[in-house]
file query25.txt (compact mmCIF, C-alpha atoms)
# COMPACT_ATOMS: atom_id res chain seq x y z
CA MET N 167 0.00 0.00 0.00
CA ARG N 168 2.83 2.32 0.93
CA LYS N 169 4.52 1.60 -2.41
CA MET N 170 1.31 2.41 -4.26
CA MET N 171 1.01 5.73 -2.42
CA ILE N 172 4.61 6.61 -3.30
CA ARG N 173 4.01 5.77 -6.96
CA PHE N 174 0.80 7.80 -7.01
CA ALA N 175 2.58 10.75 -5.42
CA GLY N 176 5.33 10.43 -8.03
CA PHE N 177 2.75 10.37 -10.81
CA LEU N 178 1.07 13.51 -9.45
CA THR N 179 4.44 15.28 -9.21
CA ALA N 180 5.29 14.38 -12.81
CA LEU N 181 1.86 15.53 -13.96
CA LEU N 182 2.25 18.85 -12.16
CA LEU N 183 5.71 19.34 -13.65
CA LEU N 184 4.40 18.56 -17.13
CA THR N 185 1.47 20.95 -16.71
CA SER N 186 3.78 23.61 -15.34
CA SER N 187 6.15 23.10 -18.29
CA CYS N 188 3.30 23.46 -20.77
CA ASP N 189 2.20 26.68 -19.08
CA LEU N 190 5.76 27.95 -19.16
CA LEU N 191 6.12 27.09 -22.85
CA THR N 192 2.91 28.95 -23.54
CA GLN N 193 4.17 32.00 -21.66
CA VAL N 194 7.44 32.19 -23.55
CA ALA N 195 6.07 31.25 -26.96
CA GLY N 196 7.45 33.63 -29.56
CA THR N 197 10.60 34.43 -27.59
CA ILE N 198 14.11 33.09 -27.37
CA ASP N 199 16.99 34.01 -25.09
CA THR N 200 19.85 35.29 -27.23
CA GLY N 201 22.21 35.89 -24.35
CA GLY N 202 21.53 39.61 -24.58
CA GLY N 203 17.87 39.38 -23.65
CA LYS N 204 14.83 37.65 -25.04
CA LEU N 205 14.15 37.99 -28.74
CA THR N 206 10.48 38.38 -29.63
CA THR N 207 8.71 37.29 -32.78
CA GLU N 208 8.09 40.94 -33.59
CA GLN N 209 11.82 41.66 -33.37
CA VAL N 210 12.55 38.70 -35.65
CA VAL N 211 10.03 39.98 -38.21
CA GLN N 212 11.48 43.49 -38.08
CA GLY N 213 15.02 42.09 -38.28
CA LEU N 214 14.20 40.07 -41.37
CA LYS N 215 12.58 43.07 -43.01
CA GLU N 216 15.55 45.26 -42.13
CA ALA N 217 17.94 42.70 -43.60
CA LEU N 218 15.92 42.62 -46.84
CA LYS N 219 15.69 46.39 -47.02
CA ILE N 220 19.42 46.86 -46.50
CA GLY N 221 20.16 44.01 -48.90
CA THR N 222 17.98 45.62 -51.55
CA GLU N 223 19.59 49.04 -51.11
CA ILE N 224 23.09 47.59 -51.50
CA ALA N 225 22.06 45.42 -54.45
CA VAL N 226 20.47 48.40 -56.21
CA LYS N 227 23.55 50.54 -55.61
CA ASN N 228 25.86 47.87 -57.05
CA LEU N 229 23.68 47.20 -60.10
CA ASN N 230 23.01 50.87 -60.78
CA GLN N 231 26.48 51.36 -62.26
CA THR N 232 27.97 51.01 -65.70
CA ASP N 233 28.40 47.26 -66.29
CA GLY N 234 26.50 46.42 -63.09
CA TYR N 235 24.49 43.94 -65.13
CA PHE N 236 26.50 43.73 -68.34
CA LEU N 237 29.80 42.45 -66.94
CA ASP N 238 28.36 40.23 -64.22
CA ASN N 239 27.71 36.79 -65.69
CA LEU N 240 25.32 35.91 -62.86
CA VAL N 241 22.90 38.67 -63.79
CA LYS N 242 23.77 39.69 -67.37
CA ILE N 243 20.68 39.81 -69.57
CA ASP N 244 21.00 37.99 -72.88
CA LEU N 245 18.46 37.85 -75.66
CA PRO N 246 15.37 35.73 -74.94
CA PRO N 247 15.32 32.06 -76.00
CA GLU N 248 12.64 32.94 -78.55
CA THR N 249 15.34 34.71 -80.60
CA GLN N 250 17.38 31.54 -81.09
CA GLU N 251 16.21 31.24 -84.68
CA ILE N 252 17.25 34.82 -85.38
CA LEU N 253 20.70 34.16 -83.94
CA SER N 254 21.08 31.02 -86.06
CA TYR N 255 20.46 32.89 -89.32
CA ALA N 256 21.81 36.33 -88.32
CA ARG N 257 24.68 36.26 -90.81
CA ARG N 258 22.26 35.82 -93.70
CA VAL N 259 20.61 39.14 -92.93
CA PRO N 260 22.82 42.18 -93.68
CA GLY N 261 23.65 44.21 -90.56
CA LEU N 262 21.80 41.89 -88.18
CA ASP N 263 24.94 40.64 -86.40
CA GLN N 264 25.89 44.15 -85.31
CA LEU N 265 22.35 44.96 -84.23
CA ILE N 266 22.32 41.87 -82.02
CA SER N 267 25.56 42.95 -80.32
CA ASP N 268 24.09 46.41 -79.85
CA ILE N 269 20.81 45.19 -78.34
CA VAL N 270 22.50 43.01 -75.70
CA LEU N 271 24.51 45.99 -74.47
CA GLN N 272 21.49 48.29 -74.65
CA ILE N 273 19.11 46.09 -72.65
CA ASN N 274 21.73 45.69 -69.92
CA ARG N 275 22.31 49.44 -69.85
CA SER N 276 18.55 49.88 -69.59
CA ALA N 277 18.42 47.51 -66.62
CA GLU N 278 21.30 49.38 -64.97
CA ASP N 279 19.43 52.65 -65.51
CA ALA N 280 16.05 51.42 -64.27
CA VAL N 281 17.22 49.55 -61.19
CA VAL N 282 17.44 52.73 -59.12
CA LYS N 283 13.63 52.90 -59.34
CA ALA N 284 13.42 49.45 -57.74
CA ALA N 285 14.54 50.57 -54.26
CA PRO N 286 11.31 52.33 -53.19
CA ILE N 287 9.21 49.62 -54.85
CA PHE N 288 11.01 46.90 -52.90
CA SER N 289 10.94 48.96 -49.71
CA GLY N 290 7.17 49.30 -49.92
CA ALA N 291 6.71 45.58 -50.58
CA ILE N 292 8.99 44.64 -47.68
CA THR N 293 7.31 47.04 -45.25
CA SER N 294 3.82 45.76 -46.01
CA MET N 295 4.83 42.09 -46.18
CA SER N 296 3.35 39.82 -43.53
CA ILE N 297 5.92 37.21 -42.51
CA SER N 298 3.96 34.18 -41.36
CA ASP N 299 6.87 31.98 -40.28
CA ALA N 300 9.51 34.36 -38.95
CA TRP N 301 11.33 31.79 -36.82
CA GLY N 302 11.41 29.27 -39.66
CA ILE N 303 12.90 31.89 -41.99
CA LEU N 304 15.41 33.10 -39.40
CA ASN N 305 16.64 29.56 -38.81
CA GLY N 306 16.34 28.55 -42.46
CA ALA N 307 18.73 28.63 -45.40
CA ASP N 308 20.98 31.61 -46.15
CA SER N 309 18.45 32.78 -48.75
CA ALA N 310 15.25 32.00 -46.81
CA ALA N 311 14.13 35.63 -46.36
CA THR N 312 14.87 36.52 -49.99
CA ASN N 313 13.00 33.44 -51.16
CA TYR N 314 10.03 34.42 -49.00
CA LEU N 315 10.06 37.95 -50.41
CA ARG N 316 10.20 36.59 -53.96
CA ALA N 317 7.37 34.13 -53.40
CA ASN N 318 5.08 36.66 -51.74
CA THR N 319 5.71 39.87 -53.68
CA TYR N 320 7.07 39.00 -57.15
CA ASN N 321 3.88 39.66 -59.15
CA LYS N 322 3.34 42.97 -57.39
CA LEU N 323 6.97 43.99 -57.94
CA PHE N 324 6.77 43.03 -61.62
CA VAL N 325 3.70 45.21 -62.25
CA LEU N 326 5.23 48.19 -60.45
CA TYR N 327 8.70 47.82 -61.98
CA LYS N 328 7.74 47.17 -65.60
CA PRO N 329 7.00 50.87 -66.44
CA SER N 330 10.48 51.84 -65.22
CA ILE N 331 12.08 49.18 -67.42
CA GLN N 332 9.97 50.25 -70.38
CA ALA N 333 10.99 53.89 -69.90
CA SER N 334 14.67 52.93 -69.77
CA LEU N 335 14.38 50.75 -72.87
CA GLU N 336 13.10 53.82 -74.71
CA LYS N 337 15.98 56.04 -73.57
CA PRO N 338 18.78 56.62 -76.13
CA ILE N 339 21.33 55.21 -73.69
CA VAL N 340 23.99 53.78 -76.03
CA ALA N 341 25.42 56.03 -78.76
CA GLY N 342 22.17 57.99 -78.92
CA VAL N 343 20.10 54.89 -79.69
CA SER N 344 17.59 53.15 -77.43
CA ALA N 345 17.14 49.42 -76.96
CA SER N 346 13.57 49.73 -78.25
CA GLN N 347 14.78 51.31 -81.49
CA THR N 348 17.37 48.59 -82.05
CA TRP N 349 14.86 45.85 -81.22
CA SER N 350 12.45 47.34 -83.73
CA LYS N 351 15.17 47.27 -86.40
CA ILE N 352 16.05 43.66 -85.58
CA THR N 353 12.47 42.40 -85.74
CA SER N 354 11.77 44.46 -88.87
CA ARG N 355 14.79 43.09 -90.76
CA TRP N 356 14.12 39.60 -89.52
CA ASN N 357 10.48 39.65 -90.53
CA MET N 358 11.42 40.90 -94.01
CA PHE N 359 13.80 37.95 -94.28
CA ALA N 360 11.19 35.51 -92.93
CA ASN N 361 8.70 36.70 -95.56
CA SER N 362 11.23 36.53 -98.39
CA ALA N 363 11.64 33.59 -100.78
CA ALA N 364 14.74 32.44 -98.85
CA GLY N 365 12.91 32.70 -95.55
CA ARG N 366 9.97 30.69 -96.85
CA VAL N 367 12.31 27.99 -98.12
CA LEU N 368 13.99 27.83 -94.72
CA GLN N 369 10.55 27.96 -93.06
CA VAL N 370 11.65 30.53 -90.50
CA ARG N 371 9.01 32.28 -88.42
CA THR N 372 8.32 35.98 -88.03
CA MET N 373 9.05 37.59 -84.67
CA ASP N 374 6.56 39.49 -82.53
CA TYR N 375 7.91 39.61 -78.99
CA SER N 376 7.49 41.95 -75.99
CA LEU N 377 11.01 42.98 -75.04
CA GLU N 378 10.00 45.01 -71.95
CA GLU N 379 8.26 42.05 -70.32
CA TYR N 380 11.28 39.80 -70.79
CA VAL N 381 13.77 42.43 -69.59
CA THR N 382 11.63 43.19 -66.52
CA HIS N 383 11.66 39.52 -65.51
CA GLN N 384 15.41 39.27 -66.09
CA ALA N 385 16.19 42.52 -64.28
CA LEU N 386 14.19 41.35 -61.26
CA ARG N 387 15.90 37.96 -61.41
CA GLY N 388 19.30 39.67 -61.20
CA LEU N 389 18.17 41.94 -58.40
CA PHE N 390 16.93 39.01 -56.33
CA ILE N 391 20.25 37.22 -56.85
CA LYS N 392 22.08 40.22 -55.42
CA VAL N 393 19.64 40.64 -52.51
CA GLN N 394 20.18 36.97 -51.73
CA ASP N 395 23.95 37.56 -51.66
CA GLN N 396 23.48 40.38 -49.17
CA GLU N 397 21.20 38.27 -46.97
CA LYS N 398 23.86 35.59 -46.83
CA LYS N 399 26.47 38.16 -45.79
CA ILE N 400 24.26 39.44 -42.97
CA ARG N 401 23.72 35.90 -41.73
CA THR N 402 27.37 34.83 -41.89
CA ASP N 403 29.46 38.00 -41.57
CA VAL N 404 29.22 39.97 -38.31
CA SER N 405 30.56 43.11 -40.00
CA ALA N 406 27.59 43.10 -42.39
CA ARG N 407 25.16 43.52 -39.47
CA THR N 408 25.20 47.28 -39.53
CA THR N 409 22.38 48.00 -37.06
CA ASP N 410 21.67 47.01 -33.45
CA LEU N 411 18.57 45.09 -34.54
CA LEU N 412 20.49 43.07 -37.11
CA ARG N 413 23.19 42.27 -34.56
CA LYS N 414 20.59 41.13 -32.06
CA VAL N 415 18.44 39.07 -34.44
CA PHE N 416 21.18 37.46 -36.51
CA GLY N 417 23.62 37.14 -33.61
CA GLN N 418 21.36 34.74 -31.72
CA GLY N 419 23.58 31.76 -32.50

call {"tool": "encode", "arguments": {"input": "query25.txt", "output": "structure tokens"}}
result
Amino acid sequence: MRKMMIRFAGFLTALLLLTSSCDLLTQVAGTIDTGGGKLTTEQVVQGLKEALKIGTEIAVKNLNQTDGYFLDNLVKIDLPPETQEILSYARRVPGLDQLISDIVLQINRSAEDAVVKAAPIFSGAITSMSISDAWGILNGADSAATNYLRANTYNKLFVLYKPSIQASLEKPIVAGVSASQTWSKITSRWNMFANSAAGRVLQVRTMDYSLEEYVTHQALRGLFIKVQDQEKKIRTDVSARTTDLLRKVFGQG
């Protein structure tokens, strides 16, 4: 009987400890002790947003330079895959080779010119973004916050950014000629060739393609790559944590 009482008392103690632990877990949910004080979910959210904002500002600054896109193989914008047929037969069309070289430089210069307009667009998207799994992102991969931003704001960013890209494509940025003008010449010469006797024999197709849509996608792709690089630096390099909040949030380990 005595043994049974002891066991029952032990069971009650364990149950009380378990209940107490559950209550304690409930009380501290959304916090973690970083060594310098508890880190709240709200601080994590703000830290992630600050990291993305700073990452975007640095990425924009680096891309908004001559050759920011053009000489960086990770983000350089080439002609769309739909132009493969044009490239294959370019030498058969007088002057087309040079126009193709010109357009590649011009669309990259346009992206370098337009990217400065991306900073406030990204800032607005980051500020209004609701981060549903802050802890998961904080403890996730080096690109987790950037990936979350891309997944949750890309369509909005595309719509807002496209007019800036279009305006830059229409600027006479290279030797007094715009990318839009060169693209018009390329498609015009190509379509003349496609409709010629030689073109019909070769069964090549005419080209009707929206350059601004393609360049907008590619410019955003490059920008996200660079934001991702900055996020990784903030996570792994103490010197990249330039604010108290970043040092607190990303210094938890």

call {"tool": "closest_residue", "arguments": {"input": "query25.txt", "among": "N:Leu262, N:Leu214, N:Val282, N:Leu240", "to": "N:Gly306", "atoms": "only C-alpha atoms"}}
result
N:Leu214

call {"tool": "atom_distance", "arguments": {"input": "query25.txt", "atom1": "atom CA of N:Asn230", "atom2": "atom CA of N:Glu278"}}
result
4.8 Å

call {"tool": "atom_distance", "arguments": {"input": "query25.txt", "atom1": "atom CA of N:Ala291", "atom2": "atom CA of N:Gln212"}}
result
13.5 Å

call {"tool": "atom_distance", "arguments": {"input": "query25.txt", "atom1": "atom CA of N:Asp395", "atom2": "atom CA of N:Arg407"}}
result
13.6 Å

call {"tool": "closest_residue", "arguments": {"input": "query25.txt", "among": "N:Thr372, N:Thr408, N:Glu216, N:Gly388", "to": "N:Phe359", "atoms": "only C-alpha atoms"}}
result
N:Thr372

call {"tool": "closest_residue", "arguments": {"input": "query25.txt", "among": "N:Leu205, N:Leu271, N:Leu245, N:Ala364", "to": "N:Val343", "atoms": "only C-alpha atoms"}}
result
N:Leu271

call {"tool": "closest_residue", "arguments": {"input": "query25.txt", "among": "N:Asp279, N:Asp308, N:Glu336, N:Glu378", "to": "N:Phe324", "atoms": "only C-alpha atoms"}}
result
N:Glu378

call {"tool": "residues_around", "arguments": {"input": "query25.txt", "residues": "N:Thr319", "least_positions_apart": "3", "cutoff": "10 Å", "atoms": "only C-alpha atoms", "output": "list in words"}}
result
Phe288, Ala291, Ile292, Ser294, Met295, Tyr314, Leu315, Arg316, Lys322, Leu323 and Phe324 of chain N

call {"tool": "closest_residue", "arguments": {"input": "query25.txt", "among": "N:Leu335, N:Leu326, N:Val210, N:Val259", "to": "N:Gly290", "atoms": "only C-alpha atoms"}}
result
N:Leu326

call {"tool": "closest_residue", "arguments": {"input": "query25.txt", "among": "N:Ile331, N:Leu218, N:Leu237, N:Leu253", "to": "N:His383", "atoms": "only C-alpha atoms"}}
result
N:Ile331

call {"tool": "residues_around", "arguments": {"input": "query25.txt", "residues": "N:Asp238", "least_positions_apart": "2", "cutoff": "12 Å", "atoms": "all atoms listed in the file", "output": "MDAnalysis selection string"}}
result
chainID N and resid 228:229 231:236 240:244 274 278 388:389 391:392

call {"tool": "residues_around", "arguments": {"input": "query25.txt", "residues": "N:Leu368", "least_positions_apart": "3", "cutoff": "12 Å", "atoms": "all atoms listed in the file", "output": "list of chain:residue names"}}
result
N:Glu251, N:Ser254, N:Tyr255, N:Arg258, N:Phe359, N:Ala360, N:Asn361, N:Ser362, N:Ala363, N:Ala364, N:Gly365, N:Arg371, N:Thr372

call {"tool": "write_last_selection", "arguments": {"input": "query25.txt", "atoms": "C-alpha atoms", "output": "mmCIF file, in the coordinates of the input"}}
result
data_model
loop_
_atom_site.group_PDB
_atom_site.id
_atom_site.type_symbol
_atom_site.label_atom_id
_atom_site.label_comp_id
_atom_site.auth_asym_id
_atom_site.auth_seq_id
_atom_site.Cartn_x
_atom_site.Cartn_y
_atom_site.Cartn_z
ATOM 1 C CA GLU N 251 16.210 31.240 -84.680
ATOM 2 C CA SER N 254 21.080 31.020 -86.060
ATOM 3 C CA TYR N 255 20.460 32.890 -89.320
ATOM 4 C CA ARG N 258 22.260 35.820 -93.700
ATOM 5 C CA PHE N 359 13.800 37.950 -94.280
ATOM 6 C CA ALA N 360 11.190 35.510 -92.930
ATOM 7 C CA ASN N 361 8.700 36.700 -95.560
ATOM 8 C CA SER N 362 11.230 36.530 -98.390
ATOM 9 C CA ALA N 363 11.640 33.590 -100.780
ATOM 10 C CA ALA N 364 14.740 32.440 -98.850
ATOM 11 C CA GLY N 365 12.910 32.700 -95.550
ATOM 12 C CA ARG N 371 9.010 32.280 -88.420
ATOM 13 C CA THR N 372 8.320 35.980 -88.030
#
